[in-house]
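These notes concern the structure reproduced below.
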Amino acid sequence: MKRGRADRTLIVAGVATIALGALALLDQTGTIDVRFDYMLPAVLAAIGVVLLSAGLGE
Amino acid sequence: MPADAPIEPKDPLPGPGQRRLTRSTTDKHIAGVAGGLGHYFGVDPIVFRVAFGAAALVSGIGLVAYIALVAFLPSDDGDPAWIDGRSKVTTAVLVGVLGVVAISMLAPPAFFFGPGLLGVAAFTALALVLFRAFGGRKDEDPARMIARATLALIGVAAALGAATGVGLVAALGGGPAMAGLAIFAGLMLITVGFLGGPRWLILPVTVLVLPLAVVSAADLDLTGGTGEREHRPLTVADIRPEYRVGAGRIEVDLRDVTLPAGRTEVKVSVGAGEARVLPPSGVCVSTTGSIGIGAADLPSGTEEGVNVPLDHRSSASGKPELVVDAEIGVGHLDVVRPLGGNCG
């Protein structure tokens, strides 16, 4: 990691975290009903995007 | 190469005191794995051949183990292992594929697609990331490696403890707050990312988000107390609007109740644990609701897995109909088949 420069991986991880957090918030407040069928791919996709970002940044 | 040609070792063989596990080139039927194992352990290779064959027939795991050993063992004539010299990506992919196949063969099919495998993968990934985060390298001094691995293990234990805590808070009604915290943590990651901060911050955020995702997806709700509860209403008027336990076991015995004609609904909610419903005799039992993770024994059959729907409508045929509306986060539902029923 290069200090002082924007870290794309952290930014992408932040966006993915916000997306998953929003999904969980909507489920917890009863707005939508998130099941494993949707949450599992969403989590895996988020992990994949972060890993891709880290890999492309090397 | 002719069979009688002298073999020139490419990698000098170890001396008498330095035993090394290799694939045999002289005692082989397929790839020399059993021969090499027999030589290494000083037993007849037929023992390993039978073991591999039996394990392959019983669960297929013998085949996976054999392929893994073919890939990772060097040959006794000095040929390096197939994996030697391959890229890290190839090694990681091979180990991952073999691990997934092995686990799926050892465990029930639901484990492969369910949270079990995800848990194993998450634990392994977390251990590896922590090992690297503590400065570990695969070619370093063994003592330092063990020290770093111990630190990583402690880190994994702390992370699992924290994840359990987050999951409990979310399941006990703090879900919206935890989700809000996750969104805030995401914003902080973005801010830190723009400032070029450390990447290890992703780890604590992961510990926050993953259990929250599991609790949300499983509809895990531990409110309602814990323990073992038994309810035995005597009349329809005694039936409560809902029978609930956060974590534990609940039994609703309706065998003394005479149901009126038409539908009578019983709602049962369990966060984590087991629910058992005993219907009166001579009624048709329908079920509705769902199980986040677990299994259900219903009059209509057995269901298990992740997000198990419980919707089964029994054709009434003039008999009273009992509708069991069950919401189980993680656990088991047992609806006993009524005497004189069910109605198909």
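Each chain of the structure tokens is named A, B, ... in the order shown, its residues numbered from 1; ligands are numbered from 1 in display order.
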Report as JSON lines the residues of chain A within 6 Å of chain B, each with its shortest atom pair and distance in Å (one decimal), using only C-alpha atoms, ordered by chain and increasing residue number.
{"residue": "A:Arg3", "atom": "CA", "partner": "B:Gly196", "partner_atom": "CA", "distance": 4.9}
{"residue": "A:Gly4", "atom": "CA", "partner": "B:Gly196", "partner_atom": "CA", "distance": 4.8}
{"residue": "A:Arg5", "atom": "CA", "partner": "B:Gly196", "partner_atom": "CA", "distance": 4.8}
{"residue": "A:Ala6", "atom": "CA", "partner": "B:Phe194", "partner_atom": "CA", "distance": 4.1}
{"residue": "A:Asp7", "atom": "CA", "partner": "B:Gly193", "partner_atom": "CA", "distance": 4.7}
{"residue": "A:Leu10", "atom": "CA", "partner": "B:Gly193", "partner_atom": "CA", "distance": 4.7}
{"residue": "A:Ile11", "atom": "CA", "partner": "B:Ile190", "partner_atom": "CA", "distance": 4.3}
{"residue": "A:Gly14", "atom": "CA", "partner": "B:Gly186", "partner_atom": "CA", "distance": 4.0}
{"residue": "A:Thr17", "atom": "CA", "partner": "B:Gly186", "partner_atom": "CA", "distance": 4.9}
{"residue": "A:Ile18", "atom": "CA", "partner": "B:Ile183", "partner_atom": "CA", "distance": 4.5}
{"residue": "A:Gly21", "atom": "CA", "partner": "B:Ala179", "partner_atom": "CA", "distance": 4.9}
{"residue": "A:Ala24", "atom": "CA", "partner": "B:Ala179", "partner_atom": "CA", "distance": 5.8}
{"residue": "A:Leu25", "atom": "CA", "partner": "B:Ala179", "partner_atom": "CA", "distance": 5.0}
{"residue": "A:Gln28", "atom": "CA", "partner": "B:Pro176", "partner_atom": "CA", "distance": 5.6}
{"residue": "A:Val34", "atom": "CA", "partner": "B:Ala217", "partner_atom": "CA", "distance": 5.4}
{"residue": "A:Arg35", "atom": "CA", "partner": "B:Ala217", "partner_atom": "CA", "distance": 4.4}
{"residue": "A:Phe36", "atom": "CA", "partner": "B:Ala217", "partner_atom": "CA", "distance": 4.9}
Limited to N, CA, C and O atoms, could you put the picked residues into a file as a short mmCIF file (atom, residue, chain, number, x, y, z; two decimals), in the first residue's frame?
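Okay, out.cif is ready:
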data_model
loop_
_atom_site.label_atom_id
_atom_site.label_comp_id
_atom_site.auth_asym_id
_atom_site.auth_seq_id
_atom_site.Cartn_x
_atom_site.Cartn_y
_atom_site.Cartn_z
N ARG A 3 1.13 4.89 1.13
CA ARG A 3 0.49 5.87 2.01
C ARG A 3 0.45 7.23 1.30
O ARG A 3 1.34 7.61 0.57
N GLY A 4 -0.64 7.95 1.59
CA GLY A 4 -0.77 9.28 1.02
C GLY A 4 -1.48 9.29 -0.31
O GLY A 4 -1.94 10.33 -0.77
N ARG A 5 -1.60 8.12 -0.95
CA ARG A 5 -2.34 8.03 -2.21
C ARG A 5 -3.66 7.31 -1.98
O ARG A 5 -3.76 6.47 -1.11
N ALA A 6 -4.64 7.69 -2.77
CA ALA A 6 -5.95 7.04 -2.62
C ALA A 6 -5.80 5.55 -2.87
O ALA A 6 -5.13 5.13 -3.81
N ASP A 7 -6.40 4.74 -2.00
CA ASP A 7 -6.33 3.29 -2.14
C ASP A 7 -7.66 2.80 -2.71
O ASP A 7 -8.69 2.80 -2.02
N LEU A 10 -9.62 -0.01 -0.77
CA LEU A 10 -10.36 0.44 0.41
C LEU A 10 -11.65 1.14 0.01
O LEU A 10 -12.71 0.96 0.64
N ILE A 11 -11.56 1.93 -1.05
CA ILE A 11 -12.75 2.66 -1.51
C ILE A 11 -13.82 1.68 -2.01
O ILE A 11 -15.00 1.79 -1.66
N GLY A 14 -15.33 -0.07 0.85
CA GLY A 14 -16.28 0.82 1.52
C GLY A 14 -17.63 0.84 0.81
O GLY A 14 -18.69 0.75 1.44
N THR A 17 -19.36 -2.40 1.39
CA THR A 17 -19.89 -2.46 2.77
C THR A 17 -21.17 -1.65 2.89
O THR A 17 -22.14 -2.09 3.52
N ILE A 18 -21.18 -0.48 2.27
CA ILE A 18 -22.40 0.35 2.32
C ILE A 18 -23.56 -0.38 1.64
O ILE A 18 -24.70 -0.38 2.15
N GLY A 21 -24.65 -3.17 3.92
CA GLY A 21 -25.28 -2.56 5.10
C GLY A 21 -26.68 -2.06 4.77
O GLY A 21 -27.61 -2.23 5.56
N ALA A 24 -29.00 -5.00 4.48
CA ALA A 24 -29.35 -5.50 5.81
C ALA A 24 -30.30 -4.54 6.52
O ALA A 24 -31.24 -4.97 7.20
N LEU A 25 -30.09 -3.24 6.35
CA LEU A 25 -30.96 -2.26 7.00
C LEU A 25 -32.39 -2.36 6.47
O LEU A 25 -33.35 -2.34 7.23
N GLN A 28 -33.86 -5.48 7.97
CA GLN A 28 -34.13 -5.37 9.40
C GLN A 28 -35.31 -4.45 9.70
O GLN A 28 -36.00 -4.62 10.70
N VAL A 34 -34.89 -10.12 2.76
CA VAL A 34 -33.68 -10.66 2.13
C VAL A 34 -33.49 -12.10 2.59
O VAL A 34 -33.48 -12.37 3.78
N ARG A 35 -33.38 -13.01 1.64
CA ARG A 35 -33.15 -14.41 1.96
C ARG A 35 -31.72 -14.77 1.57
O ARG A 35 -31.01 -13.99 0.95
N PHE A 36 -31.33 -15.99 1.95
CA PHE A 36 -29.97 -16.45 1.60
C PHE A 36 -29.77 -16.45 0.08
O PHE A 36 -28.66 -16.23 -0.40
#
Determine, counting only C-alpha atoms, which protein, DNA and RNA residues have an atom within 7 Å of an atom of range 48-57 of chain A; residues of the same chain fewer than 6 positions away are not included. Present the result as an mmCIF file with all heavy atoms, in the first residue's frame.
data_model
loop_
_atom_site.group_PDB
_atom_site.id
_atom_site.type_symbol
_atom_site.label_atom_id
_atom_site.label_comp_id
_atom_site.auth_asym_id
_atom_site.auth_seq_id
_atom_site.Cartn_x
_atom_site.Cartn_y
_atom_site.Cartn_z
ATOM 1 N N ARG A 8 -7.618 2.371 -3.971
ATOM 2 C CA ARG A 8 -8.846 1.973 -4.658
ATOM 3 C C ARG A 8 -9.529 0.791 -3.970
ATOM 4 O O ARG A 8 -10.753 0.722 -3.884
ATOM 5 C CB ARG A 8 -8.517 1.606 -6.117
ATOM 6 C CG ARG A 8 -9.741 1.310 -6.947
ATOM 7 C CD ARG A 8 -9.398 1.205 -8.403
ATOM 8 N NE ARG A 8 -8.265 0.307 -8.630
ATOM 9 C CZ ARG A 8 -7.654 0.165 -9.799
ATOM 10 N NH1 ARG A 8 -8.037 0.904 -10.822
ATOM 11 N NH2 ARG A 8 -6.650 -0.674 -9.948
ATOM 12 N N THR A 9 -8.721 -0.129 -3.450
ATOM 13 C CA THR A 9 -9.306 -1.316 -2.793
ATOM 14 C C THR A 9 -10.147 -0.921 -1.583
ATOM 15 O O THR A 9 -11.248 -1.435 -1.379
ATOM 16 C CB THR A 9 -8.178 -2.270 -2.357
ATOM 17 O OG1 THR A 9 -7.404 -2.593 -3.495
ATOM 18 C CG2 THR A 9 -8.743 -3.535 -1.751
ATOM 19 N N VAL A 12 -13.379 0.701 -2.797
ATOM 20 C CA VAL A 12 -14.323 -0.308 -3.305
ATOM 21 C C VAL A 12 -14.907 -1.112 -2.141
ATOM 22 O O VAL A 12 -16.116 -1.389 -2.103
ATOM 23 C CB VAL A 12 -13.620 -1.238 -4.317
ATOM 24 C CG1 VAL A 12 -14.507 -2.430 -4.668
ATOM 25 C CG2 VAL A 12 -13.266 -0.471 -5.572
ATOM 26 N N ALA A 13 -14.054 -1.461 -1.168
ATOM 27 C CA ALA A 13 -14.540 -2.203 0.009
ATOM 28 C C ALA A 13 -15.566 -1.368 0.768
ATOM 29 O O ALA A 13 -16.570 -1.905 1.269
ATOM 30 C CB ALA A 13 -13.374 -2.573 0.909
#
**Request:** From a DSSP pass on the backbone, collect the residues of range 130-338 of chain B flagged as alpha helix (DSSP H) and hand them back as number ranges by chain.
**Result:** B: 130-133, 142-169, 175-194, 202-218
**Item:** Atom pair CA of Ser290 in chain B / CA of Thr164 in chain B: separation (Å)
**Value:**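 The value is 23.3 Å.
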**Prompt:** So, counting only C-alpha atoms, which residue among A:Thr31, A:Leu26, A:Leu20, A:Val15 is closest to Leu44 in chain A?
**Reply:** A:Leu20
